file coords.txt (compact mmCIF, C-alpha atoms)
# COMPACT_ATOMS: atom_id res chain seq x y z
CA GLY A 1 51.44 51.01 164.46
CA LEU A 2 49.46 53.88 162.99
CA PRO A 3 48.62 54.11 159.27
CA LEU A 4 49.40 57.53 157.74
CA ASP A 5 48.65 59.27 154.48
CA PRO A 6 49.47 62.77 153.17
CA THR A 7 46.13 64.08 154.48
CA SER A 8 46.80 62.97 158.08
CA SER A 9 46.80 66.00 160.34
CA TYR A 10 47.10 66.38 164.10
CA ALA A 11 46.23 69.62 165.89
CA PRO A 12 48.97 71.25 167.98
CA VAL A 13 48.56 71.38 171.76
CA PRO A 14 47.82 74.93 172.95
CA GLY A 15 50.55 76.31 175.21
CA VAL A 16 53.21 73.79 174.12
CA ASP A 17 55.66 74.71 171.37
CA VAL A 18 57.71 72.03 169.61
CA ALA A 19 60.73 72.68 167.40
CA GLN A 20 63.65 70.73 166.04
CA ALA A 21 66.62 70.91 168.41
CA ARG A 22 69.50 72.90 166.97
CA ALA A 23 72.99 71.37 166.87
CA ASP A 24 74.03 73.57 169.81
CA GLU A 25 71.10 72.17 171.86
CA SER A 26 72.27 68.54 171.77
CA ALA A 27 73.42 68.55 175.41
CA ARG A 28 70.14 70.16 176.53
CA TRP A 29 68.11 67.60 174.55
CA LEU A 30 70.09 64.71 176.06
CA ASP A 31 69.67 66.09 179.59
CA VAL A 32 65.91 66.63 179.23
CA VAL A 33 65.24 63.19 177.77
CA ALA A 34 67.50 61.32 180.20
CA THR A 35 66.09 63.24 183.19
CA GLY A 36 62.54 62.45 182.06
CA PHE A 37 63.38 58.75 181.73
CA MET A 38 65.08 58.73 185.15
CA SER A 39 61.90 60.05 186.79
CA PRO A 40 59.19 57.44 186.27
CA ASP A 41 55.66 58.78 186.37
CA VAL A 42 53.91 57.72 189.57
CA PHE A 43 50.67 57.47 187.60
CA ASP A 44 52.25 55.27 184.93
CA GLY A 45 50.59 52.00 185.89
CA PRO A 46 52.52 49.18 187.51
CA ALA A 47 55.97 50.02 188.83
CA SER A 48 58.67 49.38 186.26
CA LEU A 49 61.04 46.56 187.08
CA GLU A 50 63.69 48.12 184.86
CA SER A 51 66.11 50.55 186.45
CA ILE A 52 68.57 52.09 184.03
CA PRO A 53 71.51 54.08 185.43
CA ARG A 54 71.93 57.67 184.23
CA GLU A 55 75.29 56.95 182.59
CA VAL A 56 73.66 54.22 180.48
CA LEU A 57 70.85 56.57 179.43
CA ASP A 58 73.40 59.26 178.57
CA ARG A 59 75.26 56.76 176.37
CA VAL A 60 72.07 55.51 174.67
CA PHE A 61 70.73 58.99 173.96
CA GLY A 62 74.23 60.16 173.02
CA ASP A 63 74.23 57.44 170.37
CA THR A 64 70.93 58.85 169.09
CA ILE A 65 72.56 62.26 168.71
CA ALA A 66 75.40 60.71 166.71
CA ALA A 67 73.24 58.37 164.58
CA THR A 68 72.53 59.31 161.00
CA GLY A 69 68.90 60.06 160.24
CA PHE A 70 67.67 60.74 163.78
CA GLU A 71 66.10 64.14 164.34
CA ARG A 72 65.65 65.54 167.82
CA TYR A 73 62.84 67.78 169.04
CA LEU A 74 62.36 69.92 172.13
CA ALA A 75 59.06 71.00 173.65
CA ARG A 76 58.65 74.21 175.63
CA ARG A 77 55.71 75.01 177.88
CA GLU A 78 55.23 78.64 178.83
CA GLY A 79 58.77 79.28 177.59
CA SER A 80 60.41 76.60 179.77
CA LEU A 81 62.06 73.49 178.41
CA ALA A 82 59.56 70.72 179.16
CA GLY A 83 60.38 67.62 177.12
CA GLY A 84 62.14 66.06 174.19
CA ALA A 85 61.79 63.31 171.63
CA SER A 86 63.45 61.82 168.57
CA PHE A 87 62.28 60.71 165.17
CA ARG A 88 63.60 58.99 162.08
CA ILE A 89 62.24 57.68 158.81
CA GLN A 90 63.27 54.52 157.04
CA ASP A 91 61.53 52.97 154.04
CA GLY A 92 58.34 54.99 154.57
CA VAL A 93 58.10 54.08 158.27
CA ALA A 94 58.31 56.83 160.88
CA GLN A 95 59.97 55.65 164.08
CA LEU A 96 58.97 57.83 167.04
CA SER A 97 61.32 57.31 169.95
CA GLY A 98 62.96 58.80 173.00
CA ALA A 99 59.99 60.87 174.17
CA ALA A 100 60.22 62.11 177.75
CA THR A 101 58.65 64.91 179.77
CA LEU A 102 60.26 66.56 182.77
CA PRO A 103 58.27 65.68 185.92
CA GLU A 104 57.18 69.27 186.67
CA HIS A 105 55.59 69.56 183.18
CA ARG A 106 53.62 66.32 183.15
CA ARG A 107 49.83 66.39 182.65
CA HIS A 108 50.04 69.53 180.50
CA GLY A 109 50.07 67.99 177.01
CA VAL A 110 53.83 67.95 176.40
CA GLN A 111 53.99 64.33 175.29
CA SER A 112 50.88 64.80 173.13
CA ALA A 113 52.43 67.88 171.51
CA LEU A 114 55.66 66.00 170.71
CA LEU A 115 53.66 63.06 169.35
CA ARG A 116 51.38 65.17 167.14
CA TYR A 117 54.27 67.27 165.81
CA ARG A 118 56.22 64.19 164.72
CA LEU A 119 53.14 62.51 163.23
CA ASN A 120 52.50 65.62 161.12
CA LEU A 121 56.12 65.53 159.91
CA ALA A 122 55.81 61.85 159.06
CA ALA A 123 52.64 62.41 157.02
CA GLN A 124 54.13 65.45 155.23
CA ARG A 125 57.21 63.42 154.32
CA GLY A 126 55.18 60.59 152.80
CA CYS A 127 55.36 57.95 155.52
CA THR A 128 52.68 55.29 155.31
CA VAL A 129 52.96 54.10 158.91
CA ALA A 130 54.32 55.31 162.25
CA VAL A 131 55.58 53.08 165.07
CA VAL A 132 56.39 53.76 168.72
CA THR A 133 57.46 51.68 171.72
CA THR A 134 56.01 52.32 175.18
CA GLU A 135 56.02 50.72 178.61
CA PRO A 136 52.97 48.40 178.82
CA GLY A 137 50.12 49.92 180.84
CA SER A 138 51.80 53.34 181.00
CA LYS A 139 50.46 56.83 180.43
CA SER A 140 52.62 56.84 177.29
CA GLN A 141 50.75 53.82 175.98
CA GLN A 142 47.43 55.52 176.75
CA ASN A 143 48.55 58.67 174.90
CA VAL A 144 49.61 56.87 171.73
CA GLN A 145 46.46 54.75 171.70
CA LYS A 146 44.38 57.95 172.03
CA ALA A 147 46.19 59.21 168.93
CA GLY A 148 45.07 56.10 167.05
CA PHE A 149 47.99 53.69 167.43
CA ALA A 150 47.12 50.01 167.61
CA LEU A 151 49.04 47.68 169.90
CA LEU A 152 51.20 45.37 167.81
CA TYR A 153 52.67 43.28 170.62
CA ALA A 154 53.48 43.33 174.34
CA ARG A 155 56.86 42.40 175.78
CA ALA A 156 56.99 40.35 178.96
CA VAL A 157 59.89 40.78 181.38
CA LEU A 158 60.38 37.66 183.46
CA ILE A 159 62.62 37.75 186.53
CA LYS A 160 63.89 34.61 188.20
CA GLY A 161 64.37 34.88 191.94
CA ALA A 162 67.73 34.11 193.52

call {"tool": "encode", "arguments": {"input": "coords.txt", "output": "structure tokens"}}
result
Amino acid sequence: GLPLDPTSSYAPVPGVDVAQARADESARWLDVVATGFMSPDVFDGPASLESIPREVLDRVFGDTIAATGFERYLARREGSLAGGASFRIQDGVAQLSGAATLPEHRRHGVQSALLRYRLNLAAQRGCTVAVVTTEPGSKSQQNVQKAGFALLYARAVLIKGA
């Protein structure tokens, strides 16, 4: 988690613009986020043992579009759609979720821009803490820890052989 107060402020990332996705951009948001999740980052630490089919991701992120209270954001780099993320607030806690960057835009600050934008919103709206879930040992985990998040727990995935 990351403690927040109204004076918390995170600088935008030069060259990356973030804005709330309009209602008519829901399909684009879903495609960007699902595509980003379907393309694991080769520099993201140990290979993930989880493989989620596209139709499952579409259903999960489609539920996010339909859920009350979730806001969706799109990031553009040099005018091109580069990433997306979601955000919701409950009881003063900002939940940052669904962040993904298209493979061709990685290593250009897109995830950092989405993170900082949502943290600024959370602070402005009076949240006292922000939480996020990442793959252990991933670039995403490194990015959120650079922003000041502390690791609350790690989840182990155990697989029994046949």

call {"tool": "atom_distance", "arguments": {"input": "coords.txt", "atom1": "CA of Gln20 (chain A)", "atom2": "CA of Gln142 (chain A)"}}
result
24.7 Å

call {"tool": "atom_distance", "arguments": {"input": "coords.txt", "atom1": "CA of Thr68 (chain A)", "atom2": "CA of Ser97 (chain A)"}}
result
14.5 Å

call {"tool": "residues_around", "arguments": {"input": "coords.txt", "residues": "Ser86 (chain A)", "least_positions_apart": "5", "cutoff": "10 Å", "atoms": "only C-alpha atoms", "output": "short mmCIF file (atom, residue, chain, number, x, y, z; two decimals) with C-alpha atoms, in the frame of the given file"}}
result
data_model
loop_
_atom_site.label_atom_id
_atom_site.label_comp_id
_atom_site.auth_asym_id
_atom_site.auth_seq_id
_atom_site.Cartn_x
_atom_site.Cartn_y
_atom_site.Cartn_z
CA GLN A 20 63.65 70.73 166.04
CA ALA A 21 66.62 70.91 168.41
CA TRP A 29 68.11 67.60 174.55
CA VAL A 33 65.24 63.19 177.77
CA PHE A 61 70.73 58.99 173.96
CA THR A 64 70.93 58.85 169.09
CA ILE A 65 72.56 62.26 168.71
CA PHE A 70 67.67 60.74 163.78
CA GLU A 71 66.10 64.14 164.34
CA ARG A 72 65.65 65.54 167.82
CA TYR A 73 62.84 67.78 169.04
CA LEU A 74 62.36 69.92 172.13
CA GLN A 95 59.97 55.65 164.08
CA LEU A 96 58.97 57.83 167.04
CA SER A 97 61.32 57.31 169.95
CA GLY A 98 62.96 58.80 173.00
CA ALA A 99 59.99 60.87 174.17
CA ALA A 100 60.22 62.11 177.75
CA LEU A 114 55.66 66.00 170.71
CA LEU A 115 53.66 63.06 169.35
CA ARG A 118 56.22 64.19 164.72
#

call {"tool": "closest_residue", "arguments": {"input": "coords.txt", "among": "A:Gln90, A:Arg28, A:Pro6, A:Ser112", "to": "Gln141 (chain A)", "atoms": "all atoms listed in the file"}}
result
A:Ser112

call {"tool": "axis_aligned_box", "arguments": {"input": "coords.txt", "around": "region 80-87 of chain A", "padding_each_side": "5 Å", "output": "JSON"}}
result
{"center_x": 61.5, "center_y": 68.7, "center_z": 172.5, "size_x": 13.9, "size_y": 25.9, "size_z": 24.6}

call {"tool": "residues_near_point", "arguments": {"input": "coords.txt", "point": "(56.5, 58.8, 163.9)", "cutoff": "7 Å", "atoms": "only C-alpha atoms", "output": "PyMOL selection string"}}
result
chain A and resi 87+94-96+118-119+122+130-132

call {"tool": "atom_distance", "arguments": {"input": "coords.txt", "atom1": "CA of Ser80 (chain A)", "atom2": "CA of His108 (chain A)"}}
result
12.6 Å

call {"tool": "decode", "arguments": {"input": "coords.txt", "residues": "region 89-115 of chain A", "atoms": "N, CA, C and O atoms", "output": "short mmCIF file (atom, residue, chain, number, x, y, z; two decimals), in the first residue's frame"}}
result
data_model
loop_
_atom_site.label_atom_id
_atom_site.label_comp_id
_atom_site.auth_asym_id
_atom_site.auth_seq_id
_atom_site.Cartn_x
_atom_site.Cartn_y
_atom_site.Cartn_z
N ILE A 89 -12.51 3.94 -6.09
CA ILE A 89 -12.33 4.36 -4.69
C ILE A 89 -13.44 3.74 -3.87
O ILE A 89 -14.61 3.77 -4.26
N GLN A 90 -13.05 3.20 -2.71
CA GLN A 90 -14.04 2.71 -1.76
C GLN A 90 -13.52 2.97 -0.36
O GLN A 90 -12.40 2.56 -0.02
N ASP A 91 -14.32 3.66 0.43
CA ASP A 91 -13.98 3.94 1.83
C ASP A 91 -12.61 4.58 2.00
O ASP A 91 -11.84 4.20 2.88
N GLY A 92 -12.26 5.52 1.13
CA GLY A 92 -11.00 6.24 1.24
C GLY A 92 -9.79 5.48 0.71
O GLY A 92 -8.66 5.94 0.84
N VAL A 93 -10.01 4.30 0.12
CA VAL A 93 -8.93 3.49 -0.44
C VAL A 93 -9.03 3.53 -1.96
O VAL A 93 -10.08 3.23 -2.53
N ALA A 94 -7.93 3.91 -2.61
CA ALA A 94 -7.88 3.92 -4.07
C ALA A 94 -7.34 2.58 -4.53
O ALA A 94 -6.25 2.17 -4.13
N GLN A 95 -8.13 1.88 -5.34
CA GLN A 95 -7.69 0.60 -5.91
C GLN A 95 -7.26 0.86 -7.34
O GLN A 95 -8.06 1.23 -8.18
N LEU A 96 -5.96 0.66 -7.60
CA LEU A 96 -5.41 0.83 -8.94
C LEU A 96 -5.32 -0.55 -9.56
O LEU A 96 -4.69 -1.45 -8.98
N SER A 97 -5.95 -0.74 -10.70
CA SER A 97 -5.99 -2.08 -11.28
C SER A 97 -5.96 -2.02 -12.80
O SER A 97 -6.10 -0.96 -13.40
N GLY A 98 -5.80 -3.20 -13.39
CA GLY A 98 -5.92 -3.34 -14.83
C GLY A 98 -4.95 -2.56 -15.67
O GLY A 98 -5.25 -2.24 -16.82
N ALA A 99 -3.78 -2.23 -15.17
CA ALA A 99 -2.82 -1.45 -15.95
C ALA A 99 -2.06 -2.35 -16.92
O ALA A 99 -1.55 -3.40 -16.52
N ALA A 100 -2.01 -1.95 -18.17
CA ALA A 100 -1.27 -2.71 -19.18
C ALA A 100 -0.76 -1.75 -20.24
O ALA A 100 -1.41 -0.76 -20.57
N THR A 101 0.42 -2.07 -20.77
CA THR A 101 1.03 -1.28 -21.83
C THR A 101 1.21 -2.17 -23.06
O THR A 101 1.62 -3.33 -22.93
N LEU A 102 0.88 -1.64 -24.22
CA LEU A 102 1.10 -2.39 -25.46
C LEU A 102 2.59 -2.62 -25.63
O LEU A 102 3.41 -1.74 -25.32
N PRO A 103 2.98 -3.81 -26.11
CA PRO A 103 4.41 -4.16 -26.18
C PRO A 103 5.29 -3.12 -26.89
O PRO A 103 6.40 -2.84 -26.43
N GLU A 104 4.82 -2.54 -27.97
CA GLU A 104 5.65 -1.58 -28.72
C GLU A 104 5.86 -0.26 -28.00
O GLU A 104 6.67 0.56 -28.41
N HIS A 105 5.14 -0.04 -26.87
CA HIS A 105 5.28 1.22 -26.12
C HIS A 105 5.95 1.02 -24.77
O HIS A 105 6.06 1.97 -23.98
N ARG A 106 6.41 -0.19 -24.49
CA ARG A 106 7.05 -0.44 -23.20
C ARG A 106 8.42 0.24 -23.14
O ARG A 106 9.05 0.48 -24.14
N ARG A 107 8.82 0.56 -21.90
CA ARG A 107 10.09 1.24 -21.60
C ARG A 107 10.09 2.71 -22.02
O ARG A 107 11.12 3.29 -22.29
N HIS A 108 8.87 3.30 -22.08
CA HIS A 108 8.76 4.72 -22.43
C HIS A 108 7.93 5.49 -21.40
O HIS A 108 7.47 6.59 -21.69
N GLY A 109 7.71 4.90 -20.22
CA GLY A 109 7.04 5.61 -19.15
C GLY A 109 5.53 5.54 -19.15
O GLY A 109 4.87 6.25 -18.37
N VAL A 110 4.94 4.68 -19.96
CA VAL A 110 3.47 4.61 -20.04
C VAL A 110 2.88 4.13 -18.73
O VAL A 110 1.95 4.75 -18.20
N GLN A 111 3.41 3.04 -18.18
CA GLN A 111 2.87 2.55 -16.92
C GLN A 111 3.07 3.57 -15.80
O GLN A 111 2.18 3.79 -14.98
N SER A 112 4.22 4.22 -15.78
CA SER A 112 4.47 5.25 -14.76
C SER A 112 3.49 6.40 -14.90
O SER A 112 2.99 6.93 -13.90
N ALA A 113 3.20 6.81 -16.13
CA ALA A 113 2.26 7.89 -16.36
C ALA A 113 0.86 7.52 -15.86
O ALA A 113 0.19 8.32 -15.20
N LEU A 114 0.41 6.30 -16.17
CA LEU A 114 -0.90 5.84 -15.69
C LEU A 114 -0.93 5.77 -14.17
O LEU A 114 -1.91 6.18 -13.54
N LEU A 115 0.14 5.29 -13.57
CA LEU A 115 0.23 5.19 -12.12
C LEU A 115 0.16 6.57 -11.47
O LEU A 115 -0.65 6.82 -10.57
#
